[in-house]
$ cat query-v6.cif   # mmCIF, C-alpha atoms
data_structure
#
loop_
_atom_site.label_atom_id
_atom_site.label_comp_id
_atom_site.auth_asym_id
_atom_site.auth_seq_id
_atom_site.Cartn_x
_atom_site.Cartn_y
_atom_site.Cartn_z
CA MET A 1 2.15 -13.45 0.30
CA ASP A 2 4.14 -10.21 0.21
CA HIS A 3 2.04 -8.07 -2.12
CA VAL A 4 -1.52 -7.63 -3.29
CA SER A 5 -2.48 -5.88 -6.52
CA LEU A 6 -5.89 -4.65 -7.49
CA GLU A 7 -7.55 -2.30 -9.93
CA TYR A 8 -9.77 0.45 -8.53
CA ARG A 9 -11.60 2.92 -10.77
CA GLY A 10 -9.19 2.15 -13.60
CA LYS A 11 -6.06 2.60 -11.45
CA GLN A 12 -3.53 -0.09 -10.53
CA ILE A 13 -3.07 -0.20 -6.75
CA THR A 14 -0.43 -2.28 -4.95
CA ALA A 15 -0.03 -3.15 -1.28
CA ALA A 16 3.47 -4.42 -0.46
CA LEU A 17 4.51 -5.97 2.84
CA ASN A 18 7.76 -4.60 4.27
CA GLY A 19 8.25 -7.67 6.45
CA GLY A 20 10.40 -5.73 8.93
CA GLN A 21 13.35 -5.54 6.55
CA THR A 22 14.78 -3.42 3.77
CA MET A 23 14.70 -4.45 0.12
CA SER A 24 18.25 -5.81 0.58
CA GLY A 25 17.09 -8.01 3.47
CA GLN A 26 18.62 -5.99 6.32
CA ALA A 27 16.53 -5.60 9.48
CA LEU A 28 14.80 -2.27 9.81
CA PRO A 29 16.02 -0.03 12.63
CA GLN A 30 14.28 -0.43 15.99
CA GLN A 31 12.53 -3.57 14.74
CA GLU A 32 9.75 -1.68 12.99
CA ALA A 33 6.58 -3.72 12.88
CA ALA A 34 5.62 -5.26 9.55
CA MET A 35 3.50 -2.83 7.52
CA TRP A 36 1.54 -2.89 4.29
CA TYR A 37 2.59 0.04 2.06
CA VAL A 38 -0.08 1.05 -0.45
CA THR A 39 1.01 2.69 -3.71
CA ILE A 40 -0.50 3.90 -6.95
CA GLY A 41 1.85 4.01 -9.92
CA GLY A 42 4.79 3.74 -7.51
CA THR A 43 3.67 6.74 -5.44
CA ALA A 44 2.96 6.11 -1.76
CA LEU A 45 -0.64 6.54 -0.62
CA THR A 46 -0.73 5.14 2.90
CA LYS A 47 0.42 2.30 5.14
CA PHE A 48 -1.21 0.11 7.76
CA PRO A 49 0.01 -2.56 10.18
CA ALA A 50 0.31 -6.12 8.97
CA SER A 51 -1.12 -9.03 10.91
CA PRO A 52 -0.10 -12.70 10.85
CA ALA A 53 -3.75 -13.46 10.05
CA ASP A 54 -3.72 -11.31 6.87
CA THR A 55 -5.01 -12.96 3.71
CA GLU A 56 -5.13 -11.59 0.20
CA ALA A 57 -8.86 -10.97 0.68
CA SER A 58 -8.42 -9.17 4.02
CA VAL A 59 -5.65 -6.91 2.71
CA ARG A 60 -7.65 -6.17 -0.43
CA GLY A 61 -10.65 -5.29 1.76
CA ARG A 62 -8.61 -2.91 3.91
CA VAL A 63 -7.14 -1.20 0.84
CA LEU A 64 -10.56 -0.84 -0.80
CA ALA A 65 -12.08 0.58 2.40
CA TRP A 66 -9.27 3.14 2.60
CA LEU A 67 -9.62 4.08 -1.08
CA GLU A 68 -13.37 4.56 -0.70
CA ALA A 69 -12.77 6.82 2.31
CA ASN A 70 -10.03 8.80 0.49
CA PRO A 71 -11.06 9.11 -3.19
CA GLN A 72 -9.03 12.32 -3.62
CA MET A 73 -5.86 10.22 -3.41
CA LEU A 74 -6.52 8.49 -6.74
CA ASP A 75 -4.81 11.34 -8.62
CA ARG A 76 -1.48 10.71 -6.83
CA ASP A 77 -0.22 8.73 -9.85
CA LYS A 78 -0.13 12.03 -11.80
CA ILE A 79 2.46 13.59 -9.49
CA VAL A 80 5.71 14.35 -11.31
CA LEU A 81 8.71 14.81 -9.05
CA GLY A 82 11.03 17.64 -10.02
CA GLY A 83 8.31 19.56 -11.85
CA GLY A 84 6.97 18.70 -15.17
#
$ encode --input "query-v6.cif" --output "structure tokens"
Amino acid sequence: MDHVSLEYRGKQITAALNGGQTMSGQALPQQEAAMWYVTIGGTALTKFPASPADTEASVRGRVLAWLEANPQMLDRDKIVLGGG
């Protein structure tokens, strides 16, 4: 499992595992620990450390807990880079 998708309050949220490497498969500098990167509409919201014990349900639970604690972040998908 390298990503988890869920819908929260009508928004599509994705958590993607970096796996300690770049998209091209190269190792990250300084052996960065594996992290879950949480996005909404492709815009970064937060990240948290991955664990070998992670399951889809556990990652989903962590994302939902974070979203409930940070509801103001749900409008991040409306950000337009370069103005608009």
$ residues_around --input "query-v6.cif" --residues "Gly61 (chain A)" --least-positions-apart "5" --cutoff "12 Å" --atoms "only C-alpha atoms" --output "ChimeraX atom specification"
/A:4-6,8,15,54-56,66-68
$ atom_distance --input "query-v6.cif" --atom1 "CA of Asp75 (chain A)" --atom2 "CA of Leu17 (chain A)"
22.8 Å
$ atom_distance --input "query-v6.cif" --atom1 "CA of Asn70 (chain A)" --atom2 "CA of Met1 (chain A)"
25.4 Å
$ closest_residue --input "query-v6.cif" --among "A:Leu74, A:His3, A:Arg9, A:Leu45" --to "Val59 (chain A)" --atoms "only C-alpha atoms"
A:His3
$ resolve_selection --input "query-v6.cif" --expression "the PyMOL selection byres ((chain A and resi 37) around 7)" --output "list of chain:residue names"
A:Ala15, A:Ala16, A:Leu17, A:Met35, A:Trp36, A:Val38, A:Thr39, A:Thr46, A:Lys47, A:Phe48
$ closest_residue --input "query-v6.cif" --among "A:Gly10, A:Met73, A:Leu64, A:Asp2" --to "Thr43 (chain A)" --atoms "all atoms listed in the file"
A:Met73
$ atom_distance --input "query-v6.cif" --atom1 "CA of Val63 (chain A)" --atom2 "CA of Glu7 (chain A)"
10.8 Å
$ resolve_selection --input "query-v6.cif" --expression "the PyMOL selection byres ((chain A and resi 41) around 8)" --output "list in words"
Gln12, Ile13, Thr39, Ile40, Gly42, Thr43 and Asp77 of chain A
$ closest_residue --input "query-v6.cif" --among "A:Ala57, A:Ala34, A:Arg62, A:Arg76" --to "Lys11 (chain A)" --atoms "all atoms listed in the file"
A:Arg76
